[in-house]
Amino acid sequence: MEKTNIVTEKDIVGKENPYLPSVAIVTQVIEETPNILSIQLELQDPEEKKSFGFKPGQVGQISVFGSGESTFVINSPSSQPETLQFTVMKVGVNTSAISNLSPGERVGIRAPLGNWFPCEQWEQKDILIIGGGIGLAPLRPLIFYILENRDKYGDLTLLYAAKTPEDRCYKYDLEQWEKSGHINLVQTIDTACHGWDQEVGLCPHVLEQLKPSPEDKVAITCGPPIMIKYTLEVLNKLKFKSDMVYTTLERRMKCGVGKCGRCNIGHKFVCVDGPVFSLEELEEIPEPFI
Ligand SMILES: Cc1cc2nc3c(=O)[nH]c(=O)nc-3n(C[C@H](O)[C@H](O)[C@H](O)COP(=O)(O)OP(=O)(O)OC[C@H]3O[C@@H](n4cnc5c(N)ncnc54)[C@H](O)[C@@H]3O)c2cc1C
Ligand code: FES
């Protein structure tokens, strides 16, 4: 009998189909706080794993079979793309399903998506990073990038705010960064508690007290919307120019590739124009972005 070529789905859609997830294997699950965990993933296909790359600030869509798909920042170092870390706060259906995953299980992943921090544009400048709670996730790969290219940047300061010491993500990194001497680390919690010897007070308030000079300095912030709002106000008061202030935004995303129109702020799509925006860009949009 004559042999026929069987046409597979891969032949039809190839790698060009932006909706087709790759398969990844969960390699590690790390408990960050009582309701936040990190999962580490490796792409199953060796070729895909070898060719995969991403930049600090980019996101991925993670799907749990039978549960749904949702967006998370890739928060591991971009210099080690063979293992990808995502940090997940349990809020609903898919994040609960992700929270129940164990090493060895498989998920779908579409990544990398979105834009990234313009790190090269910031060379020779001082860097001020301001994160709140799980908002440290998108800033984590940026911090790794700057630490790996330390001589290209001026002072590096991280102001990190959390409700309580237990609510801080990446305690393992914070400890190392503090010891490293390569980063000025200022940590604050909302209210004083036994054993805490660092700052106490809300992030914008502590920032105002620190009074960083805006001279040749880029400020990047991410956290809960209310924190971003007041942090931007303080940066404005401290005379940071809007082209030297950056944030990363969240909107409900579906396609992740600029097709469905679910994630827009004015004429900008968070999935393709963002999630990283300068304040200068956001000020041009007539509708509120927070
Ligand atoms: C660019 C971007 C980056 C993100 N990065 C992270 C991250 O690193 N870690 C993380 O934990 N989460 C992140 N999120 C938010 C995450 O995508 C949502 O929490 C997730 O989709 C909720 O899915 P679910 O099925 O569990 O929730 P659902 O069952 O669909 O909804 C539960 C609740 O969560 C709210 N919700 C759903 N999606 C969003 C959203 N996109 N933003 C705000 N609220 C939402 C719903 O309104 C509802 O109140 C990011 C979102 C975007 C757009
Ligand atoms: S998520 Fe579909 S357009 Fe942005």
# chains A, B, ... in the order shown; residues from 1 in each chain; ligands from 1
call {"tool": "closest_atom_pairs", "arguments": {"of": "chain A", "to": "ligand 1", "cutoff": "8 Å", "atoms": "only C-alpha atoms and all ligand atoms", "output": "tab-separated table"}}
result
residue	atom	partner	partner_atom_place_in_ligand_line	distance
A:Ile36	CA	ligand 1	11 (O)	7.3
A:Val59	CA	ligand 1	3 (C)	6.2
A:Ser67	CA	ligand 1	25 (O)	7.7
A:Gly68	CA	ligand 1	25 (O)	6.4
A:Glu69	CA	ligand 1	25 (O)	7.0
A:Ser70	CA	ligand 1	21 (O)	4.0
A:Thr71	CA	ligand 1	17 (O)	3.9
A:Phe72	CA	ligand 1	5 (N)	3.5
A:Val73	CA	ligand 1	8 (O)	4.1
A:Ile74	CA	ligand 1	8 (O)	7.0
A:Asn75	CA	ligand 1	8 (O)	7.4
A:Phe86	CA	ligand 1	8 (O)	6.1
A:Thr87	CA	ligand 1	9 (N)	5.0
A:Val88	CA	ligand 1	11 (O)	3.5
A:Met89	CA	ligand 1	11 (O)	3.8
A:Lys90	CA	ligand 1	26 (O)	6.2
A:Val91	CA	ligand 1	26 (O)	4.9
A:Gly92	CA	ligand 1	26 (O)	3.2
A:Val93	CA	ligand 1	25 (O)	4.0
A:Asn94	CA	ligand 1	25 (O)	3.6
A:Thr95	CA	ligand 1	26 (O)	3.6
A:Ser96	CA	ligand 1	26 (O)	5.9
A:Ala97	CA	ligand 1	26 (O)	7.7
A:Gly114	CA	ligand 1	1 (C)	7.9
A:Ile134	CA	ligand 1	9 (N)	6.8
A:Gly135	CA	ligand 1	8 (O)	7.6
A:Ala137	CA	ligand 1	8 (O)	5.7
A:Pro138	CA	ligand 1	8 (O)	6.7
A:Thr248	CA	ligand 1	1 (C)	7.4
A:Leu249	CA	ligand 1	1 (C)	6.1
A:Glu250	CA	ligand 1	53 (C)	3.9
A:Arg251	CA	ligand 1	53 (C)	4.3
A:Arg252	CA	ligand 1	41 (N)	3.6
A:Met253	CA	ligand 1	53 (C)	5.3
A:Cys263	CA	ligand 1	53 (C)	7.6
A:Val270	CA	ligand 1	1 (C)	6.7
A:Cys271	CA	ligand 1	1 (C)	6.7
A:Gly274	CA	ligand 1	1 (C)	7.6
A:Pro275	CA	ligand 1	1 (C)	5.2
call {"tool": "select_by_dssp", "arguments": {"residues": "region 9-59 of chain A", "states": "alpha helix (DSSP H)", "output": "PyMOL selection string"}}
result
chain A and resi 9-13+46-51
call {"tool": "select_by_dssp", "arguments": {"residues": "region 202-284 of chain A", "states": "strand (DSSP E)", "output": "number ranges by chain"}}
result
A: 217-222, 245-248, 264-265, 268-269, 276-278
call {"tool": "residues_near_ligand", "arguments": {"ligand": "ligand 2", "cutoff": "7 Å", "atoms": "only C-alpha atoms and all ligand atoms", "output": "list in words"}}
result
Met253, Lys254, Cys255, Gly256, Val257, Gly258, Lys259, Cys260, Gly261, Arg262, Cys263, Asn264, Phe269, Val270, Cys271 and Val272 of chain A
call {"tool": "atom_distance", "arguments": {"atom1": "CA of Val218 (chain A)", "atom2": "CA of Ile129 (chain A)"}}
result
8.3 Å
call {"tool": "atom_distance", "arguments": {"atom1": "CA of Tyr153 (chain A)", "atom2": "CA of Leu210 (chain A)"}}
result
20.4 Å
call {"tool": "residues_around", "arguments": {"residues": "Lys239 (chain A)", "least_positions_apart": "5", "cutoff": "9 Å", "atoms": "only C-alpha atoms", "output": "ChimeraX atom specification"}}
result
/A:213-214,234
call {"tool": "write_last_selection", "arguments": {"atoms": "all heavy atoms", "output": "CSV table (one decimal), in the first residue's frame"}}
result
chain,number,residue,atom,x,y,z
A,213,SER,N,17.5,61.7,45.6
A,213,SER,CA,17.6,62.8,44.6
A,213,SER,C,17.2,62.3,43.2
A,213,SER,O,17.6,61.2,42.9
A,213,SER,CB,19.1,63.2,44.6
A,213,SER,OG,19.4,63.8,43.3
A,214,PRO,N,16.5,63.1,42.5
A,214,PRO,CA,16.1,62.6,41.1
A,214,PRO,C,17.2,62.7,40.1
A,214,PRO,O,17.1,62.3,39.0
A,214,PRO,CB,14.9,63.6,40.8
A,214,PRO,CG,15.2,64.8,41.6
A,214,PRO,CD,16.0,64.4,42.8
A,234,VAL,N,4.6,60.7,45.2
A,234,VAL,CA,5.8,61.1,46.0
A,234,VAL,C,6.9,61.4,45.0
A,234,VAL,O,7.7,62.3,45.1
A,234,VAL,CB,6.2,60.0,47.0
A,234,VAL,CG1,7.5,60.4,47.7
A,234,VAL,CG2,5.1,59.9,48.1
call {"tool": "residues_around", "arguments": {"residues": "region 161-172 of chain A", "least_positions_apart": "6", "cutoff": "7 Å", "atoms": "only C-alpha atoms", "output": "ChimeraX atom specification"}}
result
/A:32-33,131-134,187-190,203
call {"tool": "residues_around", "arguments": {"residues": "Ser76 (chain A)", "least_positions_apart": "2", "cutoff": "7 Å", "atoms": "only C-alpha atoms", "output": "ChimeraX atom specification"}}
result
/A:74,78,84-85,141
call {"tool": "write_last_selection", "arguments": {"atoms": "C-alpha atoms", "output": "CSV table (one decimal), in the first residue's frame"}}
result
chain,number,residue,atom,x,y,z
A,74,ILE,CA,8.6,35.6,34.5
A,78,SER,CA,16.9,36.2,32.2
A,84,LEU,CA,11.5,29.8,34.6
A,85,GLN,CA,10.1,31.0,37.9
A,141,PRO,CA,14.7,39.7,37.1
